[in-house]
Amino acid sequence: MNKSLVFKEYELKKGNHFIAMEYYNLIMNRTFLVLILDEYLIGLKVNGLVSVEGGGDPLIESISKKMAIQDDLDNPYSYIKSSYLRKIENLNIYGEEILKAEKSNFKIHYSQIDRVSFDKTKKWGMGYYPHDGKVYVKWENRNTKEFIILGSQSGEEIKNWMITNTNYNGNNSKS
């Protein structure tokens with residue numbers, strides 16, 4: 001069955017999405033809007049490199065200010081750049097085109113997920129950005145995503161949404 005749902009028609013509501021940062025290549029980061037759908041966990045890149053504002057050198061200060069979040073840091077939607085959303089607003093979130101729109105976008109079928117867990121400890125390197133620990137998703141016994149839960153969201157709730165609010169088959173270990 002080929003499902004179709006255009007992103008701009010997807011209603012974001014409590015329990016069906018969250019906003020998180022992911023570190024990659026040691027110190028680089030990117031921000032995702034993660035959709036919790038009936039069969040899939042779909043991640044859409046909604047911001048590139050984010051930094052804290054640095055001081056001292058005027059050049060570094062200028063560059064880091066452009067990469068810093070300037071809005072309400074407790075509001076997870078402040079971490080989203082509208083330019084990223086415009087690129088995907090008319091794409092089918094279930095289709096391959098959403099994955100091709102940004103190479104770091106991802107789609108994981110729940111039957112592939114082995115474990116979902118939450119670690120309440122803070123992520124090193126997050127500076128003054130408020131976050132509620134990390135949610136880990138392990139799939140196919142080898143891949144793991146570490147989602148740093150941005151702003152005033154609950155990592156424990158997000159873990160529970162992924163475990164209980166899906167058609168996940170439940171045969172795999174989830175804790």
# chains A, B, ... in the order shown; residues from 1 in each chain; ligands from 1
$ residues_around --residues "Val6 of chain A" --least-positions-apart "2" --cutoff "7 Å" --atoms "only C-alpha atoms" --output "list in words"
Ser4, Lys8, Glu9, Tyr10, Glu89, Asn90, Leu91, Asn92 and Ile93 of chain A
$ residues_around --residues "Lys45 of chain A" --least-positions-apart "6" --cutoff "12 Å" --atoms "only C-alpha atoms" --output "short mmCIF file (atom, residue, chain, number, x, y, z; two decimals) with N, CA and C atoms, in the first residue's frame"
data_model
loop_
_atom_site.label_atom_id
_atom_site.label_comp_id
_atom_site.auth_asym_id
_atom_site.auth_seq_id
_atom_site.Cartn_x
_atom_site.Cartn_y
_atom_site.Cartn_z
N ILE A 19 11.02 17.72 18.42
CA ILE A 19 12.12 18.44 17.80
C ILE A 19 13.38 18.10 18.58
N ALA A 20 14.41 17.67 17.85
CA ALA A 20 15.62 17.21 18.51
C ALA A 20 16.85 17.53 17.67
N MET A 21 17.96 17.60 18.36
CA MET A 21 19.24 17.82 17.71
C MET A 21 20.00 16.50 17.67
N GLU A 22 20.82 16.35 16.64
CA GLU A 22 21.66 15.18 16.52
C GLU A 22 23.08 15.65 16.24
N ASN A 29 26.34 19.39 14.18
CA ASN A 29 24.99 19.07 14.63
C ASN A 29 23.97 19.51 13.59
N ARG A 30 22.80 18.95 13.70
CA ARG A 30 21.66 19.31 12.86
C ARG A 30 20.40 19.06 13.68
N THR A 31 19.34 19.76 13.30
CA THR A 31 18.09 19.68 14.04
C THR A 31 17.03 19.02 13.18
N PHE A 32 16.26 18.13 13.80
CA PHE A 32 15.21 17.40 13.11
C PHE A 32 13.84 17.67 13.72
N LEU A 33 12.84 17.70 12.86
CA LEU A 33 11.45 17.54 13.26
C LEU A 33 11.18 16.06 13.03
N VAL A 34 10.91 15.33 14.09
CA VAL A 34 10.71 13.89 13.98
C VAL A 34 9.22 13.60 14.09
N LEU A 35 8.68 12.98 13.05
CA LEU A 35 7.26 12.63 13.01
C LEU A 35 7.07 11.20 13.49
N TYR A 79 13.83 26.39 17.09
CA TYR A 79 15.00 25.75 16.51
C TYR A 79 14.79 25.40 15.03
N ILE A 80 13.59 25.62 14.52
CA ILE A 80 13.25 25.30 13.13
C ILE A 80 13.45 26.53 12.26
N LYS A 81 14.10 26.34 11.11
CA LYS A 81 14.22 27.41 10.11
C LYS A 81 13.16 27.18 9.04
N SER A 82 12.38 28.21 8.78
CA SER A 82 11.29 28.08 7.80
C SER A 82 11.80 27.74 6.41
N SER A 83 13.02 28.13 6.08
CA SER A 83 13.56 27.82 4.74
C SER A 83 13.64 26.31 4.52
N TYR A 84 13.90 25.55 5.57
CA TYR A 84 13.94 24.09 5.44
C TYR A 84 12.54 23.54 5.22
N LEU A 85 11.55 24.10 5.91
CA LEU A 85 10.17 23.63 5.77
C LEU A 85 9.63 23.92 4.37
N ARG A 86 10.00 25.07 3.81
CA ARG A 86 9.52 25.41 2.46
C ARG A 86 9.99 24.40 1.42
N LYS A 87 11.15 23.82 1.61
CA LYS A 87 11.68 22.83 0.67
C LYS A 87 10.85 21.55 0.63
N ILE A 88 10.16 21.24 1.74
CA ILE A 88 9.45 19.96 1.82
C ILE A 88 7.95 20.09 1.94
N ILE A 98 10.78 12.80 -0.07
CA ILE A 98 11.09 13.48 1.19
C ILE A 98 12.50 13.12 1.65
N LEU A 99 12.93 11.90 1.37
CA LEU A 99 14.29 11.48 1.72
C LEU A 99 15.32 12.12 0.78
N LYS A 100 14.94 12.31 -0.46
CA LYS A 100 15.86 12.92 -1.43
C LYS A 100 15.98 14.43 -1.26
N ALA A 101 15.01 15.05 -0.62
CA ALA A 101 15.02 16.50 -0.44
C ALA A 101 16.18 16.94 0.45
N GLU A 102 16.61 16.08 1.34
CA GLU A 102 17.73 16.37 2.24
C GLU A 102 18.35 15.04 2.62
N LYS A 103 19.63 14.89 2.36
CA LYS A 103 20.26 13.58 2.55
C LYS A 103 20.24 13.08 3.99
N SER A 104 20.09 13.96 4.97
CA SER A 104 20.05 13.49 6.35
C SER A 104 18.64 13.15 6.84
N ASN A 105 17.60 13.42 6.01
CA ASN A 105 16.25 12.97 6.36
C ASN A 105 16.25 11.45 6.47
N PHE A 106 15.39 10.91 7.30
CA PHE A 106 15.37 9.46 7.47
C PHE A 106 13.94 8.95 7.67
N LYS A 107 13.78 7.65 7.42
CA LYS A 107 12.50 6.97 7.62
C LYS A 107 12.82 5.58 8.16
#
$ select_by_dssp --residues "segment 32-114 of chain A" --states "strand (DSSP E)" --output "list in words"
Phe32, Leu33, Val34, Leu35, Ile36, Tyr40, Leu41, Ile42, Gly43, Leu44, Lys45, Val46, Asn47, Phe106, Lys107, Ile108, His109, Ile113 and Asp114 of chain A
$ closest_residue --among "A:Lys65, A:Arg115, A:Lys13, A:His109" --to "Asp38 of chain A" --atoms "only C-alpha atoms"
A:His109
$ atom_distance --atom1 "atom CA of Lys138 of chain A" --atom2 "atom CA of Val116 of chain A"
6.5 Å
$ select_by_dssp --residues "chain A" --states "helix (DSSP H, G or I)" --output "number ranges by chain"
A: 7-9, 58-67, 76-79, 82-88, 96-100, 110-112, 155-164
$ write_last_selection --atoms "N, CA and C atoms" --output "tab-separated table (two decimals), in the first residue's frame"
chain	number	residue	atom	x	y	z
A	7	PHE	N	3.32	17.05	3.37
A	7	PHE	CA	3.81	17.54	4.66
A	7	PHE	C	2.98	18.70	5.21
A	8	LYS	N	2.66	19.69	4.38
A	8	LYS	CA	1.94	20.86	4.90
A	8	LYS	C	0.54	20.51	5.39
A	9	GLU	N	0.03	19.33	5.05
A	9	GLU	CA	-1.28	18.89	5.52
A	9	GLU	C	-1.21	18.04	6.79
A	58	PRO	N	36.14	39.33	17.17
A	58	PRO	CA	34.96	39.88	16.47
A	58	PRO	C	34.46	38.99	15.33
A	59	LEU	N	35.37	38.34	14.59
A	59	LEU	CA	34.96	37.47	13.49
A	59	LEU	C	34.22	36.25	14.02
A	60	ILE	N	34.77	35.62	15.03
A	60	ILE	CA	34.12	34.44	15.62
A	60	ILE	C	32.78	34.83	16.23
A	61	GLU	N	32.74	35.97	16.88
A	61	GLU	CA	31.49	36.45	17.48
A	61	GLU	C	30.42	36.67	16.41
A	62	SER	N	30.81	37.24	15.29
A	62	SER	CA	29.88	37.50	14.19
A	62	SER	C	29.35	36.19	13.59
A	63	ILE	N	30.23	35.24	13.35
A	63	ILE	CA	29.83	33.95	12.76
A	63	ILE	C	28.95	33.17	13.72
A	64	SER	N	29.38	33.08	14.99
A	64	SER	CA	28.61	32.28	15.95
A	64	SER	C	27.24	32.89	16.22
A	65	LYS	N	27.14	34.21	16.14
A	65	LYS	CA	25.83	34.86	16.34
A	65	LYS	C	24.84	34.44	15.24
A	66	LYS	N	25.34	34.26	14.01
A	66	LYS	CA	24.47	33.84	12.90
A	66	LYS	C	24.00	32.40	13.06
A	67	MET	N	24.77	31.60	13.76
A	67	MET	CA	24.42	30.18	13.95
A	67	MET	C	23.68	29.93	15.26
A	76	PRO	N	10.54	24.70	21.48
A	76	PRO	CA	11.23	23.83	20.53
A	76	PRO	C	11.09	24.29	19.08
A	77	TYR	N	10.00	24.97	18.75
A	77	TYR	CA	9.80	25.43	17.38
A	77	TYR	C	10.76	26.55	16.99
A	78	SER	N	11.40	27.20	17.99
A	78	SER	CA	12.39	28.24	17.71
A	78	SER	C	13.62	27.69	17.01
A	79	TYR	N	13.83	26.39	17.09
A	79	TYR	CA	15.00	25.75	16.51
A	79	TYR	C	14.79	25.40	15.03
A	82	SER	N	12.38	28.21	8.78
A	82	SER	CA	11.29	28.08	7.80
A	82	SER	C	11.80	27.74	6.41
A	83	SER	N	13.02	28.13	6.08
A	83	SER	CA	13.56	27.82	4.74
A	83	SER	C	13.64	26.31	4.52
A	84	TYR	N	13.90	25.55	5.57
A	84	TYR	CA	13.94	24.09	5.44
A	84	TYR	C	12.54	23.54	5.22
A	85	LEU	N	11.55	24.10	5.91
A	85	LEU	CA	10.17	23.63	5.77
A	85	LEU	C	9.63	23.92	4.37
A	86	ARG	N	10.00	25.07	3.81
A	86	ARG	CA	9.52	25.41	2.46
A	86	ARG	C	9.99	24.40	1.42
A	87	LYS	N	11.15	23.82	1.61
A	87	LYS	CA	11.68	22.83	0.67
A	87	LYS	C	10.85	21.55	0.63
A	88	ILE	N	10.16	21.24	1.74
A	88	ILE	CA	9.45	19.96	1.82
A	88	ILE	C	7.95	20.09	1.94
A	96	GLU	N	9.57	8.65	-1.27
A	96	GLU	CA	11.03	8.73	-1.39
A	96	GLU	C	11.51	10.16	-1.60
A	97	GLU	N	10.65	11.01	-2.18
A	97	GLU	CA	11.07	12.39	-2.46
A	97	GLU	C	11.42	13.16	-1.18
A	98	ILE	N	10.78	12.80	-0.07
A	98	ILE	CA	11.09	13.48	1.19
A	98	ILE	C	12.50	13.12	1.65
A	99	LEU	N	12.93	11.90	1.37
A	99	LEU	CA	14.29	11.48	1.72
A	99	LEU	C	15.32	12.12	0.78
A	100	LYS	N	14.94	12.31	-0.46
A	100	LYS	CA	15.86	12.92	-1.43
A	100	LYS	C	15.98	14.43	-1.26
A	110	TYR	N	8.71	0.87	12.08
A	110	TYR	CA	8.70	0.41	13.47
A	110	TYR	C	9.11	-1.05	13.61
A	111	SER	N	8.84	-1.87	12.60
A	111	SER	CA	9.22	-3.28	12.69
A	111	SER	C	10.74	-3.45	12.74
A	112	GLN	N	11.50	-2.42	12.34
A	112	GLN	CA	12.96	-2.48	12.37
A	112	GLN	C	13.54	-2.04	13.71
A	155	GLY	N	11.68	14.23	27.35
A	155	GLY	CA	12.27	13.05	26.72
A	155	GLY	C	11.57	11.77	27.13
A	156	GLU	N	11.16	11.69	28.39
A	156	GLU	CA	10.44	10.52	28.87
A	156	GLU	C	9.12	10.37	28.13
A	157	GLU	N	8.37	11.47	27.96
A	157	GLU	CA	7.11	11.43	27.20
A	157	GLU	C	7.34	11.00	25.76
A	158	ILE	N	8.37	11.56	25.15
A	158	ILE	CA	8.66	11.24	23.75
A	158	ILE	C	8.97	9.76	23.60
A	159	LYS	N	9.78	9.22	24.50
A	159	LYS	CA	10.06	7.78	24.47
A	159	LYS	C	8.76	7.00	24.55
A	160	ASN	N	7.89	7.39	25.47
A	160	ASN	CA	6.61	6.68	25.65
A	160	ASN	C	5.71	6.82	24.43
A	161	TRP	N	5.71	8.00	23.78
A	161	TRP	CA	4.92	8.17	22.56
A	161	TRP	C	5.37	7.16	21.51
A	162	MET	N	6.67	7.02	21.36
A	162	MET	CA	7.18	6.10	20.34
A	162	MET	C	6.84	4.66	20.68
A	163	ILE	N	6.79	4.35	21.96
A	163	ILE	CA	6.52	2.97	22.37
A	163	ILE	C	5.02	2.66	22.32
A	164	THR	N	4.17	3.57	22.78
A	164	THR	CA	2.75	3.22	22.95
A	164	THR	C	1.81	3.79	21.89
$ closest_residue --among "A:Ser154, A:Asn2, A:Ser117, A:Asn143" --to "Pro130 of chain A" --atoms "only C-alpha atoms"
A:Ser154
$ decode --residues "segment 46-58 of chain A" --atoms "N, CA and C atoms" --output "PDB file, in the first residue's frame"
ATOM      1  N   VAL A  46      15.465  20.296   9.854  1.00  0.00           N
ATOM      2  CA  VAL A  46      14.822  21.608   9.879  1.00  0.00           C
ATOM      3  C   VAL A  46      15.781  22.726  10.298  1.00  0.00           C
ATOM      4  N   ASN A  47      17.052  22.374  10.482  1.00  0.00           N
ATOM      5  CA  ASN A  47      18.071  23.381  10.764  1.00  0.00           C
ATOM      6  C   ASN A  47      19.431  22.736  10.613  1.00  0.00           C
ATOM      7  N   GLY A  48      20.380  23.533  10.194  1.00  0.00           N
ATOM      8  CA  GLY A  48      21.756  23.064  10.052  1.00  0.00           C
ATOM      9  C   GLY A  48      22.520  23.305  11.333  1.00  0.00           C
ATOM     10  N   LEU A  49      23.772  23.654  11.193  1.00  0.00           N
ATOM     11  CA  LEU A  49      24.663  23.836  12.317  1.00  0.00           C
ATOM     12  C   LEU A  49      24.169  24.934  13.257  1.00  0.00           C
ATOM     13  N   VAL A  50      24.054  24.597  14.533  1.00  0.00           N
ATOM     14  CA  VAL A  50      23.660  25.535  15.583  1.00  0.00           C
ATOM     15  C   VAL A  50      24.845  25.680  16.526  1.00  0.00           C
ATOM     16  N   SER A  51      25.102  26.897  16.973  1.00  0.00           N
ATOM     17  CA  SER A  51      26.217  27.179  17.858  1.00  0.00           C
ATOM     18  C   SER A  51      25.761  28.101  18.978  1.00  0.00           C
ATOM     19  N   VAL A  52      26.527  28.136  20.041  1.00  0.00           N
ATOM     20  CA  VAL A  52      26.320  29.163  21.059  1.00  0.00           C
ATOM     21  C   VAL A  52      27.088  30.392  20.603  1.00  0.00           C
ATOM     22  N   GLU A  53      26.672  31.546  21.064  1.00  0.00           N
ATOM     23  CA  GLU A  53      27.378  32.773  20.699  1.00  0.00           C
ATOM     24  C   GLU A  53      28.717  32.807  21.414  1.00  0.00           C
ATOM     25  N   GLY A  54      29.798  32.986  20.633  1.00  0.00           N
ATOM     26  CA  GLY A  54      31.139  33.052  21.194  1.00  0.00           C
ATOM     27  C   GLY A  54      31.584  34.495  21.333  1.00  0.00           C
ATOM     28  N   GLY A  55      32.468  34.727  22.264  1.00  0.00           N
ATOM     29  CA  GLY A  55      32.964  36.084  22.484  1.00  0.00           C
ATOM     30  C   GLY A  55      34.441  36.184  22.190  1.00  0.00           C
ATOM     31  N   GLY A  56      34.956  37.367  22.370  1.00  0.00           N
ATOM     32  CA  GLY A  56      36.387  37.579  22.169  1.00  0.00           C
ATOM     33  C   GLY A  56      36.694  38.120  20.796  1.00  0.00           C
ATOM     34  N   ASP A  57      36.991  37.267  19.875  1.00  0.00           N
ATOM     35  CA  ASP A  57      37.349  37.649  18.513  1.00  0.00           C
ATOM     36  C   ASP A  57      36.102  38.135  17.769  1.00  0.00           C
ATOM     37  N   PRO A  58      36.136  39.334  17.168  1.00  0.00           N
ATOM     38  CA  PRO A  58      34.959  39.877  16.470  1.00  0.00           C
ATOM     39  C   PRO A  58      34.461  38.993  15.326  1.00  0.00           C
TER      40      PRO A  58
END
